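Peer 1: So I've got this file, query-v6.cif, and it contains mmCIF, C-alpha atoms and all ligand atoms:
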data_run
#
loop_
_atom_site.group_PDB
_atom_site.id
_atom_site.type_symbol
_atom_site.label_atom_id
_atom_site.label_comp_id
_atom_site.auth_asym_id
_atom_site.auth_seq_id
_atom_site.Cartn_x
_atom_site.Cartn_y
_atom_site.Cartn_z
ATOM 1 C CA MET A 9 -25.938 -6.722 1.577
ATOM 2 C CA LEU A 10 -23.900 -5.801 4.675
ATOM 3 C CA GLU A 11 -27.122 -6.237 6.697
ATOM 4 C CA GLU A 12 -27.215 -9.894 5.667
ATOM 5 C CA LEU A 13 -23.898 -10.593 7.364
ATOM 6 C CA GLN A 14 -24.381 -12.429 10.622
ATOM 7 C CA GLY A 15 -22.220 -13.686 13.441
ATOM 8 C CA SER A 16 -18.564 -12.881 13.903
ATOM 9 C CA GLY A 17 -16.598 -11.094 11.234
ATOM 10 C CA VAL A 18 -13.089 -9.924 10.393
ATOM 11 C CA LEU A 19 -12.191 -7.115 8.006
ATOM 12 C CA ILE A 20 -8.769 -7.442 6.345
ATOM 13 C CA HIS A 21 -7.410 -4.281 4.762
ATOM 14 C CA HIS A 22 -4.328 -2.897 3.047
ATOM 15 C CA TRP A 23 -1.955 -0.958 5.356
ATOM 16 C CA ASP A 24 -1.914 2.269 3.341
ATOM 17 C CA THR A 25 -4.211 5.313 3.361
ATOM 18 C CA ASP A 26 -6.655 3.763 0.893
ATOM 19 C CA GLY A 27 -6.869 0.571 2.967
ATOM 20 C CA ILE A 28 -7.316 2.480 6.236
ATOM 21 C CA CYS A 29 -10.007 4.808 4.818
ATOM 22 C CA SER A 30 -11.872 1.935 3.137
ATOM 23 C CA ALA A 31 -11.815 0.020 6.427
ATOM 24 C CA LEU A 32 -13.173 3.033 8.310
ATOM 25 C CA LEU A 33 -16.046 3.468 5.820
ATOM 26 C CA LEU A 34 -17.021 -0.195 6.219
ATOM 27 C CA LEU A 35 -16.590 -0.340 10.001
ATOM 28 C CA GLU A 36 -18.967 2.608 10.284
ATOM 29 C CA LYS A 37 -21.736 0.429 8.821
ATOM 30 C CA LEU A 38 -20.811 -2.988 10.246
ATOM 31 C CA PRO A 39 -21.812 -4.482 13.608
ATOM 32 C CA LYS A 40 -19.495 -3.405 16.424
ATOM 33 C CA ASN A 41 -18.138 -6.936 16.950
ATOM 34 C CA VAL A 42 -16.345 -6.940 13.583
ATOM 35 C CA VAL A 43 -12.567 -6.737 14.094
ATOM 36 C CA ASN A 44 -10.147 -5.253 11.579
ATOM 37 C CA LYS A 45 -6.730 -6.626 10.685
ATOM 38 C CA THR A 46 -4.060 -5.708 8.192
ATOM 39 C CA LEU A 47 -1.515 -8.150 6.780
ATOM 40 C CA VAL A 48 2.050 -8.691 7.933
ATOM 41 C CA LEU A 49 3.503 -5.463 6.518
ATOM 42 C CA GLY A 50 4.944 -6.114 3.084
ATOM 43 C CA ASN A 51 3.003 -9.366 2.562
ATOM 44 C CA TYR A 52 0.467 -9.574 -0.261
ATOM 45 C CA PHE A 53 -0.802 -12.990 0.849
ATOM 46 C CA LEU A 54 -2.166 -14.613 4.000
ATOM 47 C CA THR A 55 0.148 -16.761 6.111
ATOM 48 C CA GLU A 56 -0.867 -20.258 7.283
ATOM 49 C CA GLU A 57 -1.594 -18.847 10.756
ATOM 50 C CA GLU A 58 -3.775 -16.074 9.333
ATOM 51 C CA LEU A 59 -5.677 -18.518 7.098
ATOM 52 C CA THR A 60 -6.404 -20.741 10.101
ATOM 53 C CA ALA A 61 -7.381 -17.859 12.372
ATOM 54 C CA TYR A 62 -9.705 -16.195 9.834
ATOM 55 C CA SER A 63 -11.390 -19.492 8.916
ATOM 56 C CA SER A 64 -12.982 -19.564 12.370
ATOM 57 C CA TYR A 65 -15.074 -16.438 11.737
ATOM 58 C CA ASP A 66 -18.535 -16.420 10.125
ATOM 59 C CA PHE A 67 -17.534 -13.894 7.471
ATOM 60 C CA VAL A 68 -14.391 -12.254 6.111
ATOM 61 C CA ILE A 69 -14.289 -8.950 4.255
ATOM 62 C CA VAL A 70 -11.153 -8.139 2.222
ATOM 63 C CA VAL A 71 -10.624 -4.567 1.119
ATOM 64 C CA ASP A 72 -8.033 -2.870 -1.126
ATOM 65 C CA MET A 73 -6.047 -6.099 -1.518
ATOM 66 C CA ALA A 74 -5.879 -8.554 -4.414
ATOM 67 C CA LEU A 75 -5.038 -11.585 -2.289
ATOM 68 C CA PRO A 76 -4.021 -14.744 -4.173
ATOM 69 C CA GLU A 77 -7.051 -16.622 -5.485
ATOM 70 C CA GLU A 78 -6.007 -19.782 -3.618
ATOM 71 C CA ASN A 79 -6.060 -17.854 -0.296
ATOM 72 C CA ILE A 80 -9.592 -16.651 -0.987
ATOM 73 C CA LEU A 81 -10.842 -20.042 -2.164
ATOM 74 C CA ARG A 82 -9.486 -21.679 0.977
ATOM 75 C CA LEU A 83 -11.278 -19.156 3.189
ATOM 76 C CA ALA A 84 -14.465 -19.471 1.131
ATOM 77 C CA LYS A 85 -14.679 -23.196 1.910
ATOM 78 C CA LYS A 86 -15.303 -22.341 5.555
ATOM 79 C CA VAL A 87 -16.626 -18.760 5.653
ATOM 80 C CA LYS A 88 -18.585 -16.206 3.660
ATOM 81 C CA VAL A 89 -16.152 -13.935 1.810
ATOM 82 C CA LEU A 90 -16.733 -10.412 0.493
ATOM 83 C CA ILE A 91 -14.103 -8.437 -1.439
ATOM 84 C CA PHE A 92 -13.971 -4.727 -2.305
ATOM 85 C CA ASP A 93 -11.019 -3.924 -4.507
ATOM 86 C CA HIS A 94 -9.696 -1.995 -7.508
ATOM 87 C CA HIS A 95 -6.563 -3.977 -8.430
ATOM 88 C CA LEU A 96 -6.493 -5.891 -11.689
ATOM 89 C CA GLN A 97 -7.730 -9.372 -10.765
ATOM 90 C CA GLN A 98 -10.080 -11.869 -12.406
ATOM 91 C CA PRO A 99 -13.408 -12.227 -10.555
ATOM 92 C CA ILE A 100 -13.108 -15.096 -8.059
ATOM 93 C CA PRO A 101 -15.986 -17.591 -8.271
ATOM 94 C CA GLY A 102 -18.061 -18.320 -5.163
ATOM 95 C CA VAL A 103 -17.400 -15.031 -3.393
ATOM 96 C CA ASP A 104 -18.955 -11.540 -3.518
ATOM 97 C CA HIS A 105 -16.208 -9.881 -5.486
ATOM 98 C CA HIS A 106 -16.827 -6.156 -5.918
ATOM 99 C CA ASN A 107 -14.110 -5.117 -8.311
ATOM 100 C CA PRO A 108 -15.174 -3.040 -11.319
ATOM 101 C CA ILE A 109 -11.601 -3.104 -12.703
ATOM 102 C CA GLY A 110 -11.584 -6.907 -12.635
ATOM 103 C CA LYS A 111 -14.822 -6.781 -14.612
ATOM 104 C CA GLY A 112 -13.188 -4.628 -17.273
ATOM 105 C CA GLU A 113 -14.388 -1.160 -16.239
ATOM 106 C CA ASP A 114 -12.232 1.933 -16.807
ATOM 107 C CA PRO A 115 -9.708 2.345 -13.935
ATOM 108 C CA GLN A 116 -10.000 6.146 -14.316
ATOM 109 C CA LEU A 117 -13.594 5.891 -13.051
ATOM 110 C CA TYR A 118 -12.643 3.762 -10.021
ATOM 111 C CA PRO A 119 -9.399 5.280 -8.727
ATOM 112 C CA SER A 120 -9.440 3.703 -5.248
ATOM 113 C CA ALA A 121 -11.023 1.058 -3.046
ATOM 114 C CA SER A 122 -12.341 3.853 -0.799
ATOM 115 C CA TRP A 123 -14.291 5.239 -3.762
ATOM 116 C CA ILE A 124 -15.763 1.829 -4.614
ATOM 117 C CA VAL A 125 -16.734 1.188 -0.982
ATOM 118 C CA ASN A 126 -18.226 4.658 -0.550
ATOM 119 C CA ASP A 127 -20.270 4.203 -3.723
ATOM 120 C CA PHE A 128 -21.428 0.728 -2.622
ATOM 121 C CA LEU A 129 -22.571 2.134 0.733
ATOM 122 C CA GLY A 130 -24.470 4.966 -0.956
ATOM 123 C CA ASN A 131 -22.619 7.561 1.125
ATOM 124 C CA PRO A 132 -22.331 11.184 0.043
ATOM 125 C CA MET A 133 -18.900 12.540 -0.921
ATOM 126 C CA ASN A 134 -16.619 12.739 2.099
ATOM 127 C CA VAL A 135 -12.983 13.305 2.973
ATOM 128 C CA PHE A 136 -12.198 9.607 3.535
ATOM 129 C CA ALA A 137 -13.464 8.531 0.123
ATOM 130 C CA LEU A 138 -11.159 11.174 -1.380
ATOM 131 C CA LEU A 139 -8.120 10.459 0.819
ATOM 132 C CA GLY A 140 -8.009 6.884 -0.509
ATOM 133 C CA ILE A 141 -7.811 8.284 -4.035
ATOM 134 C CA ILE A 142 -5.108 10.798 -3.159
ATOM 135 C CA GLY A 143 -3.180 8.119 -1.258
ATOM 136 C CA ASP A 144 -3.033 5.857 -4.287
ATOM 137 C CA HIS A 145 -2.389 8.552 -6.925
ATOM 138 C CA GLU A 146 -0.914 11.559 -5.108
ATOM 139 C CA LYS A 147 -0.377 14.489 -7.499
ATOM 140 C CA ARG A 148 -0.981 12.303 -10.554
ATOM 141 C CA ILE A 149 -4.723 12.489 -9.831
ATOM 142 C CA GLN A 150 -4.565 16.036 -11.217
ATOM 143 C CA THR A 151 -4.503 14.537 -14.722
ATOM 144 C CA ASN A 152 -7.806 12.705 -14.053
ATOM 145 C CA LYS A 153 -10.101 15.617 -14.985
ATOM 146 C CA GLU A 154 -13.332 14.212 -13.578
ATOM 147 C CA PHE A 155 -11.898 13.288 -10.192
ATOM 148 C CA TYR A 156 -9.648 16.284 -9.849
ATOM 149 C CA SER A 157 -12.646 18.566 -10.246
ATOM 150 C CA LYS A 158 -14.540 16.547 -7.610
ATOM 151 C CA ILE A 159 -11.555 17.056 -5.301
ATOM 152 C CA THR A 160 -11.196 20.791 -5.928
ATOM 153 C CA ASP A 161 -14.952 21.323 -5.425
ATOM 154 C CA PHE A 162 -14.776 19.439 -2.156
ATOM 155 C CA CYS A 163 -11.717 21.388 -0.983
ATOM 156 C CA LEU A 164 -13.452 24.678 -1.710
ATOM 157 C CA LYS A 165 -16.576 23.659 0.184
ATOM 158 C CA GLU A 166 -14.675 22.253 3.169
ATOM 159 C CA ARG A 167 -11.964 24.939 3.231
ATOM 160 C CA LEU A 168 -9.176 22.454 2.724
ATOM 161 C CA THR A 169 -6.218 22.627 0.343
ATOM 162 C CA PHE A 170 -4.882 19.850 -1.874
ATOM 163 C CA ASP A 171 -1.563 20.091 0.026
ATOM 164 C CA GLU A 172 -3.399 19.469 3.301
ATOM 165 C CA LEU A 173 -4.927 16.330 1.797
ATOM 166 C CA LEU A 174 -1.441 15.209 0.697
ATOM 167 C CA MET A 175 -0.174 15.831 4.228
ATOM 168 C CA MET A 176 -3.036 13.755 5.661
ATOM 169 C CA VAL A 177 -1.979 10.917 3.366
ATOM 170 C CA SER A 178 1.647 11.128 4.587
ATOM 171 C CA LEU A 179 0.432 11.010 8.175
ATOM 172 C CA LEU A 180 -1.894 8.048 7.562
ATOM 173 C CA ASP A 181 0.842 6.195 5.659
ATOM 174 C CA SER A 182 3.415 6.879 8.378
ATOM 175 C CA SER A 183 2.344 3.937 10.561
ATOM 176 C CA TYR A 184 3.164 1.289 7.974
ATOM 177 C CA ARG A 185 6.282 3.119 6.863
ATOM 178 C CA ILE A 186 7.729 2.922 10.368
ATOM 179 C CA GLY A 187 6.680 -0.744 10.468
ATOM 180 C CA ASP A 188 3.946 -0.455 13.126
ATOM 181 C CA GLN A 189 1.250 -2.973 12.221
ATOM 182 C CA LYS A 190 -0.745 -2.352 15.443
ATOM 183 C CA ALA A 191 -0.913 1.373 14.714
ATOM 184 C CA VAL A 192 -2.242 0.628 11.212
ATOM 185 C CA GLU A 193 -5.039 -1.431 12.759
ATOM 186 C CA GLU A 194 -5.839 1.300 15.274
ATOM 187 C CA ALA A 195 -6.017 4.022 12.622
ATOM 188 C CA PRO A 196 -9.571 3.336 11.310
ATOM 189 C CA HIS A 197 -10.859 3.513 14.889
ATOM 190 C CA LEU A 198 -9.179 6.867 15.462
ATOM 191 C CA LEU A 199 -10.697 8.172 12.235
ATOM 192 C CA LEU A 200 -14.141 7.007 13.407
ATOM 193 C CA GLU A 201 -13.776 9.427 16.312
ATOM 194 C CA TYR A 202 -12.579 12.314 14.148
ATOM 195 C CA THR A 203 -15.540 14.457 13.170
ATOM 196 C CA ASP A 204 -13.216 17.040 11.651
ATOM 197 C CA ALA A 205 -10.507 16.078 9.130
ATOM 198 C CA GLN A 206 -8.194 18.693 10.646
ATOM 199 C CA ARG A 207 -7.740 16.278 13.553
ATOM 200 C CA ILE A 208 -5.649 14.071 11.255
ATOM 201 C CA LEU A 209 -3.194 16.948 10.798
ATOM 202 C CA GLN A 210 -2.938 17.355 14.561
ATOM 203 C CA ASN A 211 -2.257 13.725 15.498
ATOM 204 C CA ILE A 212 0.995 13.949 17.475
ATOM 205 C CA ARG A 213 1.980 10.300 17.046
ATOM 206 C CA TRP A 214 1.709 10.442 13.267
ATOM 207 C CA LYS A 215 3.608 13.743 13.190
ATOM 208 C CA ASN A 216 6.379 12.147 15.260
ATOM 209 C CA ASN A 217 6.465 9.242 12.802
ATOM 210 C CA LEU A 218 7.216 11.679 9.982
ATOM 211 C CA VAL A 219 10.099 13.185 11.963
ATOM 212 C CA LEU A 220 11.524 9.701 12.624
ATOM 213 C CA LEU A 221 11.156 8.740 8.959
ATOM 214 C CA GLU A 222 12.873 11.874 7.766
ATOM 215 C CA LYS A 223 15.821 11.342 10.130
ATOM 216 C CA GLU A 224 16.197 7.708 9.100
ATOM 217 C CA ILE A 225 16.039 8.608 5.395
ATOM 218 C CA ALA A 226 18.657 11.361 5.789
ATOM 219 C CA LYS A 227 20.955 8.990 7.706
ATOM 220 C CA HIS A 228 20.964 6.441 4.893
ATOM 221 C CA VAL A 229 21.170 8.984 2.080
ATOM 222 C CA THR A 230 24.287 10.610 3.544
ATOM 223 C CA ALA A 231 26.084 7.397 4.633
ATOM 224 C CA PRO A 232 28.915 6.461 2.243
ATOM 225 C CA GLY A 233 28.136 3.868 -0.436
ATOM 226 C CA GLU A 234 30.149 1.876 -2.956
ATOM 227 C CA GLU A 235 30.628 2.856 -6.565
ATOM 228 C CA LYS A 236 31.093 0.143 -9.166
ATOM 229 C CA GLN A 237 31.598 1.096 -12.818
ATOM 230 C CA GLY A 238 29.582 4.263 -12.457
ATOM 231 C CA VAL A 239 26.757 2.594 -10.505
ATOM 232 C CA LEU A 240 26.114 3.584 -6.890
ATOM 233 C CA LEU A 241 25.394 0.723 -4.510
ATOM 234 C CA LYS A 242 24.120 1.401 -1.019
ATOM 235 C CA ARG A 243 23.586 -1.327 1.575
ATOM 236 C CA ILE A 244 21.215 -0.321 4.371
ATOM 237 C CA HIS A 245 19.652 -2.107 7.326
ATOM 238 C CA THR A 246 16.396 -0.529 8.489
ATOM 239 C CA LYS A 247 13.030 -1.802 9.647
ATOM 240 C CA PHE A 248 11.412 1.269 8.096
ATOM 241 C CA ASN A 249 9.841 1.055 4.658
ATOM 242 C CA ILE A 250 11.890 3.849 3.099
ATOM 243 C CA ILE A 251 13.865 2.109 0.367
ATOM 244 C CA SER A 252 12.088 3.840 -2.534
ATOM 245 C CA THR A 253 12.602 7.303 -1.012
ATOM 246 C CA VAL A 254 16.254 6.611 -0.164
ATOM 247 C CA THR A 255 16.931 5.360 -3.702
ATOM 248 C CA ARG A 256 15.192 8.321 -5.324
ATOM 249 C CA LYS A 257 17.118 10.861 -3.230
ATOM 250 C CA ILE A 258 20.502 9.254 -3.912
ATOM 251 C CA ALA A 259 19.793 8.913 -7.630
ATOM 252 C CA TRP A 260 18.520 12.472 -8.003
ATOM 253 C CA ASP A 261 21.371 13.987 -5.947
ATOM 254 C CA SER A 262 24.081 12.085 -7.829
ATOM 255 C CA GLY A 263 22.551 11.761 -11.273
ATOM 256 C CA LYS A 264 23.862 8.176 -11.317
ATOM 257 C CA ASP A 265 22.226 4.784 -11.638
ATOM 258 C CA THR A 266 21.518 3.680 -8.074
ATOM 259 C CA VAL A 267 20.945 0.344 -6.360
ATOM 260 C CA VAL A 268 19.824 0.101 -2.727
ATOM 261 C CA LEU A 269 19.702 -3.126 -0.721
ATOM 262 C CA ASN A 270 17.802 -3.236 2.567
ATOM 263 C CA THR A 271 18.462 -6.254 4.745
ATOM 264 C CA GLY A 272 16.372 -5.022 7.690
ATOM 265 C CA PHE A 273 12.715 -5.102 6.614
ATOM 266 C CA PHE A 274 11.839 -8.808 6.319
ATOM 267 C CA LYS A 275 13.102 -11.732 8.371
ATOM 268 C CA ASP A 276 14.129 -14.075 5.531
ATOM 269 C CA MET A 277 13.923 -11.721 2.563
ATOM 270 C CA ASP A 278 15.749 -8.604 1.381
ATOM 271 C CA GLN A 279 14.396 -5.542 -0.382
ATOM 272 C CA LEU A 280 16.175 -4.359 -3.533
ATOM 273 C CA TYR A 281 15.449 -1.118 -5.347
ATOM 274 C CA VAL A 282 16.955 0.254 -8.554
ATOM 275 C CA ARG A 283 16.720 3.590 -10.344
ATOM 276 C CA SER A 284 18.361 3.972 -13.710
ATOM 277 C CA GLY A 285 18.497 5.946 -16.924
ATOM 278 C CA LYS A 286 18.331 2.596 -18.718
ATOM 279 C CA ASN A 287 15.077 0.807 -19.527
ATOM 280 C CA LEU A 288 14.726 -1.664 -16.648
ATOM 281 C CA GLN A 289 11.941 -3.784 -18.186
ATOM 282 C CA PRO A 290 14.299 -6.653 -19.227
ATOM 283 C CA LEU A 291 15.680 -6.761 -15.677
ATOM 284 C CA ILE A 292 12.168 -6.859 -14.193
ATOM 285 C CA GLN A 293 11.326 -9.746 -16.545
ATOM 286 C CA GLN A 294 14.501 -11.534 -15.509
ATOM 287 C CA GLY A 295 13.645 -11.120 -11.817
ATOM 288 C CA LYS A 296 10.168 -12.529 -12.404
ATOM 289 C CA MET A 297 11.614 -15.469 -14.344
ATOM 290 C CA LEU A 298 13.832 -16.227 -11.377
ATOM 291 C CA GLY A 299 10.669 -16.362 -9.267
ATOM 292 C CA TYR A 300 11.182 -13.174 -7.249
ATOM 293 C CA ARG A 301 8.505 -10.667 -6.310
ATOM 294 C CA CYS A 302 9.558 -8.031 -8.761
ATOM 295 C CA GLY A 303 7.872 -5.027 -10.318
ATOM 296 C CA GLY A 304 8.339 -1.459 -11.409
ATOM 297 C CA LYS A 305 8.326 0.927 -14.314
ATOM 298 C CA THR A 306 10.768 1.854 -17.072
ATOM 299 C CA GLU A 307 13.187 3.628 -14.749
ATOM 300 C CA VAL A 308 12.402 1.848 -11.459
ATOM 301 C CA LEU A 309 12.684 -1.713 -10.188
ATOM 302 C CA GLY A 310 11.617 -3.005 -6.791
ATOM 303 C CA ALA A 311 12.185 -6.599 -5.729
ATOM 304 C CA VAL A 312 11.885 -8.830 -2.713
ATOM 305 C CA VAL A 313 14.398 -11.667 -2.799
ATOM 306 C CA PRO A 314 15.136 -14.579 -0.420
ATOM 307 C CA LYS A 315 18.265 -13.677 1.561
ATOM 308 C CA GLU A 316 20.321 -16.546 0.119
ATOM 309 C CA LYS A 317 19.650 -15.252 -3.432
ATOM 310 C CA THR A 318 20.390 -11.579 -2.765
ATOM 311 C CA GLU A 319 24.077 -11.490 -3.725
ATOM 312 C CA SER A 320 23.565 -13.373 -6.985
ATOM 313 C CA PHE A 321 20.646 -11.151 -8.068
ATOM 314 C CA LEU A 322 22.628 -8.085 -7.029
ATOM 315 C CA GLN A 323 25.456 -9.200 -9.354
ATOM 316 C CA GLU A 324 22.911 -9.650 -12.199
ATOM 317 C CA ILE A 325 21.642 -6.112 -11.582
ATOM 318 C CA LEU A 326 25.139 -4.581 -11.579
ATOM 319 C CA LYS A 327 26.065 -6.509 -14.721
ATOM 320 C CA PHE A 328 22.909 -5.240 -16.443
ATOM 321 C CA LEU A 329 23.567 -1.620 -15.460
ATOM 322 C CA SER A 330 27.260 -1.424 -16.332
HETATM 323 MN MN MN A 401 -5.909 1.125 -3.143
#
Using structure tokens, write down the structure from this file.
Ligand SMILES: [Mn+2]
Peer 2:
Amino acid sequence: MLEELQGSGVLIHHWDTDGICSALLLLEKLPKNVVNKTLVLGNYFLTEEELTAYSSYDFVIVVDMALPEENILRLAKKVKVLIFDHHLQQPIPGVDHHNPIGKGEDPQLYPSASWIVNDFLGNPMNVFALLGIIGDHEKRIQTNKEFYSKITDFCLKERLTFDELLMMVSLLDSSYRIGDQKAVEEAPHLLLEYTDAQRILQNIRWKNNLVLLEKEIAKHVTAPGEEKQGVLLKRIHTKFNIISTVTRKIAWDSGKDTVVLNTGFFKDMDQLYVRSGKNLQPLIQQGKMLGYRCGGKTEVLGAVVPKEKTESFLQEILKFLS
């Protein structure tokens, strides 16, 4: 099917390890003139400018991203669209939508976009197909018996350890975490040159990123915060995507419910992150009702809120927690 693609093409991929590895696997098989792009970091949709720019190509491939259906339908009016993904999304009519999860298959059998792409291409098992899986699931993949045994077999054969694979994921994720969109787009091309996975562990730039990230995290964890009725509130301003790590460290060190606000990541939006002993589901629902990008689990909430709404939502959060 990739052979049928003709003319100019753009490959749009997620900024994380799974997105980078999936992009590499596709680029390996696509004509050399295909360019790869990621999204504005933190965006899960295409901007007007991106929609216009990508409409001028002959084909668009989207990988490891469930872009809004209206984005895809707008592109599909002008260009051929192909999607490889594993997020829960209804099949989109009129495009080649390769998403087994969207078709109701068991997510345990399709743990990453890299796995779906690798399978589609008919490739043998390889480190990049596995790194996408480990990127998306980290240690939790150990509870997926079938895939964890595939991983341990591979590690044995290739003389790699699971911890080395985890380190490779940290290094590949470091570009987006420091907010470097260009570096994310360069990463698949670097991986194309790497014949040995050990080269990932030796990449000086990515190793430096991890040092920078660690310093920035430590700075914000140790800076004084406010305490309001037993809830810790920390206001930070950083262009790094570290809010979840900062919140986790503060909450685990203090044993208290913790709220972190980052005003430095987006231009007109703020990031909010909460960790609590309370069930946060009602708060997540409330955030969604208010129209914010809001998600999480029982004990975790992450939200992106327009700057002019931040203080009012923050008050709602503190009221809920205390
Ligand atoms: Mn993924």
Peer 1: Ligand MN 401 (chain A): which residues are within 12 Å, counting all atoms listed in the file? Reply as a PyMOL selection string.
Peer 2: chain A and resi 21-31+70-74+92-96+107+109+115+118-125+137-146
Peer 1: Could you list, as a short mmCIF file (atom, residue, chain, number, x, y, z; two decimals) with C-alpha atoms, in the frame of the given file, every residue within 12 Å of Pro39 (chain A), counting only C-alpha atoms and ignoring same-chain residues fewer than 4 positions away?
Peer 2:
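New file selection.cif:
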data_model
loop_
_atom_site.label_atom_id
_atom_site.label_comp_id
_atom_site.auth_asym_id
_atom_site.auth_seq_id
_atom_site.Cartn_x
_atom_site.Cartn_y
_atom_site.Cartn_z
CA LEU A 10 -23.90 -5.80 4.68
CA GLU A 11 -27.12 -6.24 6.70
CA GLU A 12 -27.22 -9.89 5.67
CA LEU A 13 -23.90 -10.59 7.36
CA GLN A 14 -24.38 -12.43 10.62
CA GLY A 15 -22.22 -13.69 13.44
CA SER A 16 -18.56 -12.88 13.90
CA GLY A 17 -16.60 -11.09 11.23
CA VAL A 18 -13.09 -9.92 10.39
CA LEU A 19 -12.19 -7.12 8.01
CA LEU A 34 -17.02 -0.20 6.22
CA LEU A 35 -16.59 -0.34 10.00
CA VAL A 43 -12.57 -6.74 14.09
CA ASN A 44 -10.15 -5.25 11.58
#
Peer 1: Ranking A:Leu59, A:Val87, A:Val135, A:Leu221 by minimum distance to Lys165 (chain A) and counting only C-alpha atoms, which one comes first?
Peer 2: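 The answer is A:Val135, which sits nearest to Lys165 (chain A).
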Peer 1: Since I can't run it myself right now, could you work out what the PyMOL selection byres (((chain A and resi 105) around 7) and not hetatm) selects here and report it as a VMD selection string?
Peer 2: chain A and resid 90 to 92 99 to 100 103 to 104 106 to 107
Peer 1: Where does the PyMOL selection byres (((chain A and resi 160) around 12) and not hetatm) land in this file, that is, which residues does it pick, as a PyMOL selection string?
Peer 2: chain A and resi 135+138+149-150+152-159+161-171+173
Peer 1: Take the residues from that selection and put them in a file with C-alpha atoms, as a PDB file, keeping the file's coordinate frame.
Peer 2:
ATOM      1  CA  VAL A 135     -12.983  13.305   2.973  1.00  0.00           C
ATOM      2  CA  LEU A 138     -11.159  11.174  -1.380  1.00  0.00           C
ATOM      3  CA  ILE A 149      -4.723  12.489  -9.831  1.00  0.00           C
ATOM      4  CA  GLN A 150      -4.565  16.036 -11.217  1.00  0.00           C
ATOM      5  CA  ASN A 152      -7.806  12.705 -14.053  1.00  0.00           C
ATOM      6  CA  LYS A 153     -10.101  15.617 -14.985  1.00  0.00           C
ATOM      7  CA  GLU A 154     -13.332  14.212 -13.578  1.00  0.00           C
ATOM      8  CA  PHE A 155     -11.898  13.288 -10.192  1.00  0.00           C
ATOM      9  CA  TYR A 156      -9.648  16.284  -9.849  1.00  0.00           C
ATOM     10  CA  SER A 157     -12.646  18.566 -10.246  1.00  0.00           C
ATOM     11  CA  LYS A 158     -14.540  16.547  -7.610  1.00  0.00           C
ATOM     12  CA  ILE A 159     -11.555  17.056  -5.301  1.00  0.00           C
ATOM     13  CA  ASP A 161     -14.952  21.323  -5.425  1.00  0.00           C
ATOM     14  CA  PHE A 162     -14.776  19.439  -2.156  1.00  0.00           C
ATOM     15  CA  CYS A 163     -11.717  21.388  -0.983  1.00  0.00           C
ATOM     16  CA  LEU A 164     -13.452  24.678  -1.710  1.00  0.00           C
ATOM     17  CA  LYS A 165     -16.576  23.659   0.184  1.00  0.00           C
ATOM     18  CA  GLU A 166     -14.675  22.253   3.169  1.00  0.00           C
ATOM     19  CA  ARG A 167     -11.964  24.939   3.231  1.00  0.00           C
ATOM     20  CA  LEU A 168      -9.176  22.454   2.724  1.00  0.00           C
ATOM     21  CA  THR A 169      -6.218  22.627   0.343  1.00  0.00           C
ATOM     22  CA  PHE A 170      -4.882  19.850  -1.874  1.00  0.00           C
ATOM     23  CA  ASP A 171      -1.563  20.091   0.026  1.00  0.00           C
ATOM     24  CA  LEU A 173      -4.927  16.330   1.797  1.00  0.00           C
TER      25      LEU A 173
END
Peer 1: Running the PyMOL selection byres (((chain A and resi 237-242) around 7) and not hetatm) on this model by hand, what would come out? Give it as a PyMOL selection string.
Peer 2: chain A and resi 233-236+243-244+264-269+330
Peer 1: Please indicate the distance in Å from CA of Phe136 (chain A) to CA of Glu58 (chain A), rounded to one decimal place.
Peer 2: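 Between CA of Phe136 (chain A) and CA of Glu58 (chain A) the gap is 27.6 Å.
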Peer 1: How far is it from CA of Leu129 (chain A) to CA of Trp214 (chain A), in Å with one decimal?
Peer 2: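 So the two atoms, CA of Leu129 (chain A) and CA of Trp214 (chain A), lie 28.6 Å apart.
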Peer 1: Given only C-alpha atoms as the basis, pick out the residue of A:Cys302, A:Ile225, A:Leu329, A:Val312 nearest to Asn287 (chain A).
Peer 2: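 When distances to Asn287 (chain A) are compared using only C-alpha atoms, the smallest one comes from A:Leu329.
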Peer 1: Give me, please, the distance in Å between CA of Lys275 (chain A) and CA of Ala231 (chain A), quoted to one decimal.
Peer 2: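 Result for CA of Lys275 (chain A) versus CA of Ala231 (chain A): 23.4 Å, one decimal.
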Peer 1: As AutoDock Vina command-line options, please report the centre and edge lengths, rounded to one decimal in Å, of the axis-aligned box that holds all listed atoms of region 169-175 of chain A with 5 Å of padding on each of the six sides.
Peer 2:
--center_x -3.2 --center_y 18.9 --center_z 1.2 --size_x 16.0 --size_y 17.4 --size_z 16.1
Peer 1: Taking only C-alpha atoms into account, name the residue in A:Lys247, A:Arg185, A:Lys286, A:His197 that is nearest to Asn217 (chain A).
Peer 2: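 The closest residue to Asn217 (chain A) is A:Arg185.
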Peer 1: Choose the residue, out of A:Gln294, A:Asn211, A:Thr203, A:Thr253, that has the smallest atom-to-atom separation from Ala226 (chain A); count all atoms listed in the file.
Peer 2: A:Thr253
Peer 1: Return the single residue from A:Thr318, A:Gln210, A:Ser64, A:Gln116 that is closest to Leu298 (chain A), with distances computed using only C-alpha atoms.
Peer 2: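 Under the stated criterion, the closest residue is A:Thr318.
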Peer 1: Neighbours of Ala195 (chain A) within 9 Å (only C-alpha atoms; same-chain residues fewer than 5 positions away dropped), as a list in words?
Peer 2: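 That gives Ile28, Cys29, Leu32, Leu180, Ser183, Lys190 and Leu200 of chain A.
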Peer 1: Write out as a PyMOL selection string each polymer residue whose atoms come within 10 Å of Phe321 (chain A), counting all atoms listed in the file; drop sequence neighbours fewer than 5 positions from it.
Peer 2: chain A and resi 280+294-295+298+300+311+313+316+326-327
